[in-house]
Amino acid sequence: MLALLRPGASAASRIDALAAAALADELACYPKPGLVSPVDSGSHADMDAATFRASIAALAGYFGAMAEAGAEGAAFPALNALGRAAEARMLAATGGVNTHRGAVFSLGLAAAAAGGSAPERGAAAICRTVADRWGADILAAGRLAEQRTHGAAVRARYGAPGAREEAAAGFPTVIGHALPAFRMARRAGASRNDALVQALFAILSVLEDNNLLYRGGPAALGRAQRRALNFLASGGILARGGRALAVAIHRAFVAERMSPGGAADLLALTAFLARVEEAHPGP
Ligand SMILES: CC(C)(COP(=O)(O)OP(=O)(O)OC[C@H]1O[C@@H](n2cnc3c(N)ncnc32)[C@H](O)[C@@H]1O)[C@@H](O)C(=O)NCCC(=O)NCCS
Ligand SMILES: Nc1ncnc2c1ncn2[C@@H]1O[C@H](COP(=O)(O)OP(=O)(O)OP(=O)(O)O)[C@@H](O)[C@H]1O
């Protein structure tokens, strides 16, 4: 966080610090259905909050490097190479556990876009930049990719879109659902944590999360979306009993061993964009 406060810090190092803070926001946020937080490991046996902290430390500098590359007009292959190298550092730090693959991808692209555009233009401009500058190449790379990931298995089985489609379209789930929910909750007096909980449920209510599809198929995805819609319809985190309902939904996910990792990645992106807007208020 210190680089944020240093007036002389470069734009890239400020973006790096904002991205690290956003990953810390996502980890700290509780309750998150089935996901790892400092309170518990949710539906995960192979990782806990310490694994995530080690992963965040291993990613130090990556988002700044993406911001610099974006500012220099880098094409997709250069960003992809930085992302793969960061992913390798993440796996080395966690003993091979996938803590942040989706965040390395989505938040990395957003950092590159933030580096290449004036941050005071806001979150929507950053996400549009991802779509405009790299969208076509993101989709083309997907068509050529090795088909051994969980995402590829889900696509082959259910034809579902995933992280690539969300990024190539300029993160519509974040711009259209998560950030409005976050801002509305903040205006209504919610803490950052509680506004992020609200944003996570907004994401969960609409996202085709590949992690849920991989572990539990369309039935698990439908159950997750219905629970999230029910949470939002009953007034969300600020309603009387809202926090208790969120904890109950978290426990239901854990009982079923379900975890919406894609939604968690987009929550980290939401936290990043919110912090960029706070640091660079528009006109
Ligand atoms: C595109 C990536 C994420 C691979 O996707 P694929 O769907 O094939 O694989 P995998 O199942 O391993 O990963 C999916 C990741 O996306 C997240 N996710 C799942 N569903 C969604 C969704 N609907 N929307 C957004 N994210 C999602 C998951 O949490 C998971 O972390 C990635 O491995 C890749 O190409 N990385 C390149 C390196 C990189 O990050 N470059 C930087 C920017 S170009
Ligand atoms: N707080 C969090 N808790 C759990 N997952 C998260 C969290 N934040 C982000 N994620 C995302 O969830 C994904 C990890 O989920 P998961 O462990 O289900 O996937 P996997 O390693 O692909 O599969 P599996 O463990 O089922 O073999 C990561 O890619 C990560 O980006």
# chains A, B, ... in the order shown; residues from 1 in each chain; ligands from 1
$ residues_near_ligand --ligand "ligand 2" --cutoff "8 Å" --atoms "only C-alpha atoms and all ligand atoms" --output "JSON, numbers by chain"
{"A": [26, 27, 32, 34, 35, 36, 37, 41, 42, 43, 44, 46, 49, 52, 97, 98, 99, 100, 101, 102, 103, 104, 149, 150, 211, 212, 214, 215, 258, 259, 260, 261, 262, 263, 264, 265, 268]}
$ write_last_selection --atoms "N, CA and C atoms" --output "CSV table (one decimal), in the first residue's frame"
chain,number,residue,atom,x,y,z
A,26,GLU,N,-9.9,-9.3,-1.5
A,26,GLU,CA,-10.7,-10.5,-1.9
A,26,GLU,C,-10.5,-11.6,-0.8
A,27,LEU,N,-9.2,-11.8,-0.5
A,27,LEU,CA,-8.9,-12.8,0.5
A,27,LEU,C,-9.6,-12.5,1.9
A,32,LYS,N,-17.8,-15.5,2.1
A,32,LYS,CA,-17.8,-15.8,0.7
A,32,LYS,C,-18.1,-17.2,0.5
A,34,GLY,N,-18.1,-20.8,0.0
A,34,GLY,CA,-17.2,-21.9,-0.4
A,34,GLY,C,-15.8,-21.5,-0.6
A,35,LEU,N,-15.5,-20.2,-0.5
A,35,LEU,CA,-14.1,-19.7,-0.8
A,35,LEU,C,-13.3,-19.6,0.4
A,36,VAL,N,-12.0,-19.5,0.1
A,36,VAL,CA,-11.0,-19.4,1.2
A,36,VAL,C,-11.0,-17.9,1.8
A,37,SER,N,-10.9,-17.8,3.1
A,37,SER,CA,-10.8,-16.5,3.7
A,37,SER,C,-10.0,-16.7,5.0
A,41,SER,N,-11.2,-22.3,5.3
A,41,SER,CA,-10.7,-22.6,4.0
A,41,SER,C,-11.9,-23.0,3.1
A,42,GLY,N,-13.1,-22.7,3.5
A,42,GLY,CA,-14.3,-23.0,2.6
A,42,GLY,C,-14.3,-24.4,2.2
A,43,SER,N,-14.4,-24.6,0.9
A,43,SER,CA,-14.6,-26.0,0.3
A,43,SER,C,-13.2,-26.5,-0.1
A,44,HIS,N,-12.1,-25.9,0.3
A,44,HIS,CA,-10.8,-26.3,-0.2
A,44,HIS,C,-9.9,-27.0,0.8
A,46,ASP,N,-6.8,-28.1,0.0
A,46,ASP,CA,-5.4,-28.0,-0.4
A,46,ASP,C,-4.9,-26.6,-0.2
A,49,ALA,N,-5.6,-19.4,4.0
A,49,ALA,CA,-5.3,-18.0,3.8
A,49,ALA,C,-3.8,-17.8,3.7
A,52,PHE,N,-2.7,-18.3,0.1
A,52,PHE,CA,-3.1,-17.1,-0.7
A,52,PHE,C,-2.1,-16.0,-0.4
A,97,VAL,N,-0.3,-25.4,-6.0
A,97,VAL,CA,-1.7,-25.2,-5.9
A,97,VAL,C,-2.1,-23.9,-6.7
A,98,ASN,N,-3.3,-24.0,-7.4
A,98,ASN,CA,-3.8,-22.9,-8.2
A,98,ASN,C,-4.6,-22.0,-7.3
A,99,THR,N,-3.9,-20.9,-6.8
A,99,THR,CA,-4.6,-19.9,-6.0
A,99,THR,C,-5.1,-18.8,-6.8
A,100,HIS,N,-4.4,-18.4,-7.9
A,100,HIS,CA,-4.7,-17.1,-8.5
A,100,HIS,C,-4.6,-17.2,-10.1
A,101,ARG,N,-4.8,-18.3,-10.7
A,101,ARG,CA,-4.7,-18.4,-12.1
A,101,ARG,C,-5.6,-17.4,-12.8
A,102,GLY,N,-6.9,-17.4,-12.4
A,102,GLY,CA,-7.9,-16.5,-13.0
A,102,GLY,C,-7.5,-15.1,-12.7
A,103,ALA,N,-7.1,-14.8,-11.5
A,103,ALA,CA,-6.8,-13.4,-11.2
A,103,ALA,C,-5.5,-12.9,-11.9
A,104,VAL,N,-4.5,-13.8,-12.1
A,104,VAL,CA,-3.4,-13.4,-12.9
A,104,VAL,C,-3.8,-13.0,-14.3
A,149,THR,N,-7.2,-27.9,-19.5
A,149,THR,CA,-7.6,-27.2,-18.3
A,149,THR,C,-9.0,-27.6,-17.9
A,150,HIS,N,-9.3,-27.3,-16.7
A,150,HIS,CA,-10.7,-27.5,-16.3
A,150,HIS,C,-11.7,-26.7,-17.1
A,211,ASN,N,-15.7,-23.0,-12.4
A,211,ASN,CA,-15.3,-23.9,-11.3
A,211,ASN,C,-16.5,-24.6,-10.7
A,212,LEU,N,-17.6,-23.9,-10.7
A,212,LEU,CA,-18.8,-24.6,-10.2
A,212,LEU,C,-19.3,-25.7,-11.2
A,214,TYR,N,-17.4,-27.3,-13.3
A,214,TYR,CA,-16.5,-28.4,-13.3
A,214,TYR,C,-16.7,-29.3,-12.1
A,215,ARG,N,-16.9,-28.8,-11.0
A,215,ARG,CA,-17.1,-29.6,-9.8
A,215,ARG,C,-18.5,-30.2,-9.7
A,258,MET,N,-18.6,-27.1,-2.9
A,258,MET,CA,-18.6,-26.2,-4.1
A,258,MET,C,-17.9,-24.9,-3.8
A,259,SER,N,-17.2,-24.4,-4.9
A,259,SER,CA,-16.5,-23.1,-4.7
A,259,SER,C,-16.5,-22.3,-6.0
A,260,PRO,N,-17.0,-21.1,-5.9
A,260,PRO,CA,-17.1,-20.3,-7.2
A,260,PRO,C,-15.8,-19.5,-7.4
A,261,GLY,N,-14.7,-20.1,-7.8
A,261,GLY,CA,-13.4,-19.5,-8.0
A,261,GLY,C,-13.4,-18.4,-9.0
A,262,GLY,N,-14.2,-18.6,-10.1
A,262,GLY,CA,-14.3,-17.6,-11.1
A,262,GLY,C,-14.9,-16.3,-10.6
A,263,ALA,N,-15.9,-16.5,-9.8
A,263,ALA,CA,-16.6,-15.3,-9.1
A,263,ALA,C,-15.6,-14.6,-8.2
A,264,ALA,N,-14.7,-15.4,-7.5
A,264,ALA,CA,-13.7,-14.8,-6.6
A,264,ALA,C,-12.7,-13.9,-7.4
A,265,ASP,N,-12.3,-14.4,-8.6
A,265,ASP,CA,-11.4,-13.7,-9.4
A,265,ASP,C,-12.0,-12.3,-9.9
A,268,ALA,N,-12.0,-9.9,-7.1
A,268,ALA,CA,-10.7,-9.2,-6.9
A,268,ALA,C,-10.6,-8.1,-8.0
$ residues_around --residues "Ala141 of chain A" --least-positions-apart "5" --cutoff "10 Å" --atoms "only C-alpha atoms" --output "CSV table (one decimal) with C-alpha atoms, in the first residue's frame"
chain,number,residue,atom,x,y,z
A,76,PHE,CA,-1.3,-9.8,-26.5
A,77,PRO,CA,1.7,-12.2,-26.9
A,80,ASN,CA,0.6,-13.5,-22.2
A,136,ALA,CA,-9.8,-10.6,-30.6
A,146,GLU,CA,-4.1,-26.9,-25.2
A,164,ARG,CA,-11.5,-15.6,-21.9
$ atom_distance --atom1 "atom CA of Ala246 of chain A" --atom2 "atom CA of Ala219 of chain A"
20.2 Å
$ closest_residue --among "A:Val39, A:Leu59, A:Ala19, A:Ala163" --to "ligand 1" --atoms "only C-alpha atoms and all ligand atoms"
A:Ala163
$ residues_around --residues "Ala12 of chain A" --least-positions-apart "5" --cutoff "8 Å" --atoms "only C-alpha atoms" --output "list in words"
Phe63, Gly64, Ala65, Ala67, Glu68 and Gly115 of chain A
$ select_by_dssp --residues "segment 21-221 of chain A" --states "helix (DSSP H, G or I)" --output "JSON, numbers by chain"
{"A": [21, 22, 23, 24, 25, 26, 27, 28, 49, 50, 51, 52, 53, 54, 55, 56, 57, 58, 62, 63, 64, 65, 66, 67, 68, 69, 70, 71, 76, 77, 78, 79, 80, 81, 82, 83, 84, 85, 86, 87, 88, 89, 90, 91, 92, 93, 94, 101, 102, 103, 104, 105, 106, 107, 108, 109, 110, 111, 112, 113, 114, 115, 116, 119, 120, 121, 123, 124, 125, 126, 127, 128, 129, 130, 131, 132, 133, 134, 135, 136, 137, 138, 139, 140, 141, 142, 143, 144, 150, 151, 152, 153, 154, 155, 156, 157, 158, 163, 164, 165, 166, 167, 168, 172, 173, 174, 175, 176, 177, 178, 179, 180, 181, 182, 183, 184, 185, 186, 187, 192, 193, 194, 195, 196, 197, 198, 199, 200, 201, 202, 203, 204, 210, 211, 212, 213, 214, 215, 216, 217, 218, 219, 220, 221]}
$ residues_around --residues "Leu238 of chain A" --least-positions-apart "6" --cutoff "8 Å" --atoms "only C-alpha atoms" --output "PyMOL selection string"
chain A and resi 185+190+194
$ atom_distance --atom1 "atom CA of Gly282 of chain A" --atom2 "atom CA of Ala20 of chain A"
22.4 Å
$ closest_residue --among "A:Arg192, A:Glu165, A:Arg257, A:Arg187" --to "Ala220 of chain A" --atoms "only C-alpha atoms"
A:Arg257
$ residues_around --residues "Gly73 of chain A" --least-positions-apart "2" --cutoff "12 Å" --atoms "only C-alpha atoms" --output "CSV table (one decimal) with N, CA and C atoms, in the first residue's frame"
chain,number,residue,atom,x,y,z
A,66,MET,N,2.8,-5.5,-16.0
A,66,MET,CA,1.7,-5.5,-17.0
A,66,MET,C,1.3,-4.0,-17.3
A,67,ALA,N,1.2,-3.2,-16.3
A,67,ALA,CA,0.9,-1.8,-16.5
A,67,ALA,C,1.9,-1.1,-17.4
A,68,GLU,N,3.2,-1.4,-17.2
A,68,GLU,CA,4.2,-0.8,-18.1
A,68,GLU,C,4.1,-1.3,-19.5
A,69,ALA,N,3.8,-2.6,-19.6
A,69,ALA,CA,3.7,-3.1,-21.0
A,69,ALA,C,2.5,-2.5,-21.7
A,70,GLY,N,1.4,-2.3,-20.9
A,70,GLY,CA,0.2,-1.7,-21.5
A,70,GLY,C,0.5,-0.3,-21.9
A,71,ALA,N,1.2,0.5,-21.1
A,71,ALA,CA,1.6,1.8,-21.4
A,71,ALA,C,2.4,1.9,-22.7
A,75,ALA,N,1.4,-5.8,-27.5
A,75,ALA,CA,0.4,-6.7,-28.0
A,75,ALA,C,0.2,-7.9,-27.1
A,76,PHE,N,-0.9,-8.7,-27.4
A,76,PHE,CA,-1.3,-9.8,-26.5
A,76,PHE,C,-0.2,-10.8,-26.2
A,77,PRO,N,0.7,-11.2,-27.2
A,77,PRO,CA,1.7,-12.2,-26.9
A,77,PRO,C,2.6,-11.8,-25.8
A,78,ALA,N,3.0,-10.5,-25.7
A,78,ALA,CA,3.9,-10.0,-24.7
A,78,ALA,C,3.2,-10.1,-23.3
A,79,LEU,N,1.9,-9.7,-23.2
A,79,LEU,CA,1.2,-9.8,-22.0
A,79,LEU,C,1.0,-11.3,-21.5
A,112,ALA,N,-2.8,-4.0,-17.3
A,112,ALA,CA,-2.2,-3.5,-18.5
A,112,ALA,C,-3.1,-2.4,-19.1
A,113,ALA,N,-4.4,-2.5,-19.1
A,113,ALA,CA,-5.3,-1.5,-19.6
A,113,ALA,C,-5.2,-0.2,-18.8
A,114,ALA,N,-5.1,-0.4,-17.5
A,114,ALA,CA,-5.0,0.8,-16.6
A,114,ALA,C,-3.7,1.6,-16.9
A,115,GLY,N,-2.6,0.8,-17.2
A,115,GLY,CA,-1.3,1.4,-17.5
A,115,GLY,C,-1.4,2.2,-18.8
A,116,GLY,N,-2.2,1.8,-19.7
A,116,GLY,CA,-2.2,2.4,-21.0
A,116,GLY,C,-3.3,3.4,-21.2
A,117,SER,N,-4.1,3.7,-20.1
A,117,SER,CA,-5.1,4.7,-20.3
A,117,SER,C,-5.2,5.6,-19.0
A,129,THR,N,-11.0,-0.9,-22.7
A,129,THR,CA,-9.7,-1.0,-23.3
A,129,THR,C,-9.2,-2.4,-23.5
A,130,VAL,N,-9.5,-3.3,-22.5
A,130,VAL,CA,-9.1,-4.7,-22.6
A,130,VAL,C,-9.8,-5.3,-23.8
A,133,ARG,N,-8.4,-3.5,-27.3
A,133,ARG,CA,-7.0,-3.8,-27.6
A,133,ARG,C,-6.7,-5.2,-27.8
A,134,TRP,N,-7.2,-6.1,-26.9
A,134,TRP,CA,-6.8,-7.5,-26.9
A,134,TRP,C,-7.9,-8.5,-27.1
$ closest_residue --among "A:Thr94, A:Thr173, A:Ser13, A:Ser55" --to "ligand 1" --atoms "only C-alpha atoms and all ligand atoms"
A:Thr173
$ residues_around --residues "Gln225 of chain A" --least-positions-apart "4" --cutoff "12 Å" --atoms "only C-alpha atoms" --output "PyMOL selection string"
chain A and resi 33+200-209+212-213+218-221+229-232+249+253+260+263
$ write_last_selection --atoms "C-alpha atoms" --output "PDB file, in the first residue's frame"
ATOM      1  CA  PRO A  33     -19.630 -18.952  -0.324  1.00  0.00           C
ATOM      2  CA  LEU A 200     -19.776 -11.183  -4.913  1.00  0.00           C
ATOM      3  CA  PHE A 201     -23.430 -12.209  -4.682  1.00  0.00           C
ATOM      4  CA  ALA A 202     -24.236  -9.960  -7.649  1.00  0.00           C
ATOM      5  CA  ILE A 203     -21.518 -11.776  -9.650  1.00  0.00           C
ATOM      6  CA  LEU A 204     -22.674 -15.190  -8.469  1.00  0.00           C
ATOM      7  CA  SER A 205     -26.265 -14.493  -9.518  1.00  0.00           C
ATOM      8  CA  VAL A 206     -25.325 -14.181 -13.218  1.00  0.00           C
ATOM      9  CA  LEU A 207     -21.887 -15.736 -13.892  1.00  0.00           C
ATOM     10  CA  GLU A 208     -21.387 -19.064 -15.640  1.00  0.00           C
ATOM     11  CA  ASP A 209     -18.615 -19.981 -13.214  1.00  0.00           C
ATOM     12  CA  LEU A 212     -18.843 -24.625 -10.209  1.00  0.00           C
ATOM     13  CA  LEU A 213     -19.614 -26.292 -13.549  1.00  0.00           C
ATOM     14  CA  PRO A 218     -25.288 -27.299 -14.328  1.00  0.00           C
ATOM     15  CA  ALA A 219     -27.254 -28.367 -11.221  1.00  0.00           C
ATOM     16  CA  ALA A 220     -24.607 -26.846  -8.929  1.00  0.00           C
ATOM     17  CA  LEU A 221     -24.397 -23.687 -11.047  1.00  0.00           C
ATOM     18  CA  LEU A 229     -30.650 -14.155  -6.333  1.00  0.00           C
ATOM     19  CA  ASN A 230     -32.536 -15.025  -3.158  1.00  0.00           C
ATOM     20  CA  PHE A 231     -29.876 -13.259  -1.061  1.00  0.00           C
ATOM     21  CA  LEU A 232     -30.085 -10.119  -3.225  1.00  0.00           C
ATOM     22  CA  ILE A 249     -25.079 -19.887   2.136  1.00  0.00           C
ATOM     23  CA  PHE A 253     -21.506 -24.455  -0.346  1.00  0.00           C
ATOM     24  CA  PRO A 260     -17.061 -20.278  -7.165  1.00  0.00           C
ATOM     25  CA  ALA A 263     -16.563 -15.285  -9.130  1.00  0.00           C
TER      26      ALA A 263
END
$ residues_around --residues "segment 274-278 of chain A" --least-positions-apart "4" --cutoff "10 Å" --atoms "only C-alpha atoms" --output "PyMOL selection string"
chain A and resi 14-15+18-19+21-22+114+119-123+126+179+182-183+192+268-270+282
$ decode --residues "segment 172-247 of chain A" --atoms "C-alpha atoms" --output "tab-separated table (two decimals), in the first residue's frame"
chain	number	residue	atom	x	y	z
A	172	PRO	CA	-19.58	-7.23	-18.48
A	173	THR	CA	-20.24	-9.06	-15.20
A	174	VAL	CA	-18.01	-6.63	-13.31
A	175	ILE	CA	-19.14	-3.45	-15.07
A	176	GLY	CA	-22.84	-4.35	-15.27
A	177	HIS	CA	-23.36	-6.12	-11.95
A	178	ALA	CA	-20.49	-6.16	-9.44
A	179	LEU	CA	-19.36	-2.53	-9.45
A	180	PRO	CA	-22.92	-1.10	-9.36
A	181	ALA	CA	-23.68	-3.40	-6.39
A	182	PHE	CA	-20.44	-2.37	-4.66
A	183	ARG	CA	-21.06	1.36	-5.18
A	184	MET	CA	-24.70	1.17	-4.11
A	185	ALA	CA	-23.78	-0.70	-0.93
A	186	ARG	CA	-21.02	1.83	-0.12
A	187	ARG	CA	-23.45	4.73	-0.64
A	188	ALA	CA	-25.87	2.99	1.73
A	189	GLY	CA	-23.17	2.91	4.42
A	190	ALA	CA	-21.67	-0.58	3.99
A	191	SER	CA	-18.02	-1.20	4.92
A	192	ARG	CA	-15.62	-2.18	2.12
A	193	ASN	CA	-15.91	-5.81	3.28
A	194	ASP	CA	-19.71	-5.78	3.21
A	195	ALA	CA	-19.88	-3.97	-0.14
A	196	LEU	CA	-17.58	-6.67	-1.55
A	197	VAL	CA	-19.86	-9.39	-0.16
A	198	GLN	CA	-22.76	-7.68	-1.95
A	199	ALA	CA	-20.70	-7.49	-5.17
A	200	LEU	CA	-19.78	-11.18	-4.91
A	201	PHE	CA	-23.43	-12.21	-4.68
A	202	ALA	CA	-24.24	-9.96	-7.65
A	203	ILE	CA	-21.52	-11.78	-9.65
A	204	LEU	CA	-22.67	-15.19	-8.47
A	205	SER	CA	-26.27	-14.49	-9.52
A	206	VAL	CA	-25.32	-14.18	-13.22
A	207	LEU	CA	-21.89	-15.74	-13.89
A	208	GLU	CA	-21.39	-19.06	-15.64
A	209	ASP	CA	-18.61	-19.98	-13.21
A	210	ASN	CA	-16.44	-22.73	-14.69
A	211	ASN	CA	-15.25	-23.88	-11.29
A	212	LEU	CA	-18.84	-24.63	-10.21
A	213	LEU	CA	-19.61	-26.29	-13.55
A	214	TYR	CA	-16.46	-28.41	-13.31
A	215	ARG	CA	-17.12	-29.62	-9.79
A	216	GLY	CA	-20.91	-29.90	-9.83
A	217	GLY	CA	-22.29	-29.46	-13.35
A	218	PRO	CA	-25.29	-27.30	-14.33
A	219	ALA	CA	-27.25	-28.37	-11.22
A	220	ALA	CA	-24.61	-26.85	-8.93
A	221	LEU	CA	-24.40	-23.69	-11.05
A	222	GLY	CA	-28.19	-23.26	-11.00
A	223	ARG	CA	-28.32	-23.81	-7.22
A	224	ALA	CA	-25.59	-21.19	-6.69
A	225	GLN	CA	-27.35	-18.63	-8.92
A	226	ARG	CA	-30.70	-19.18	-7.18
A	227	ARG	CA	-29.16	-18.77	-3.72
A	228	ALA	CA	-27.44	-15.57	-4.81
A	229	LEU	CA	-30.65	-14.16	-6.33
A	230	ASN	CA	-32.54	-15.02	-3.16
A	231	PHE	CA	-29.88	-13.26	-1.06
A	232	LEU	CA	-30.08	-10.12	-3.22
A	233	ALA	CA	-33.90	-10.18	-3.34
A	234	SER	CA	-34.10	-10.36	0.44
A	235	GLY	CA	-32.17	-7.08	0.71
A	236	GLY	CA	-28.57	-8.32	0.68
A	237	ILE	CA	-25.86	-7.72	3.22
A	238	LEU	CA	-27.38	-4.57	4.73
A	239	ALA	CA	-30.80	-6.15	5.39
A	240	ARG	CA	-31.69	-7.44	8.84
A	241	GLY	CA	-30.32	-11.00	8.92
A	242	GLY	CA	-28.31	-10.42	5.73
A	243	ARG	CA	-24.99	-11.40	7.21
A	244	ALA	CA	-26.47	-14.54	8.82
A	245	LEU	CA	-27.98	-15.54	5.47
A	246	ALA	CA	-24.60	-15.04	3.75
A	247	VAL	CA	-22.92	-17.24	6.36
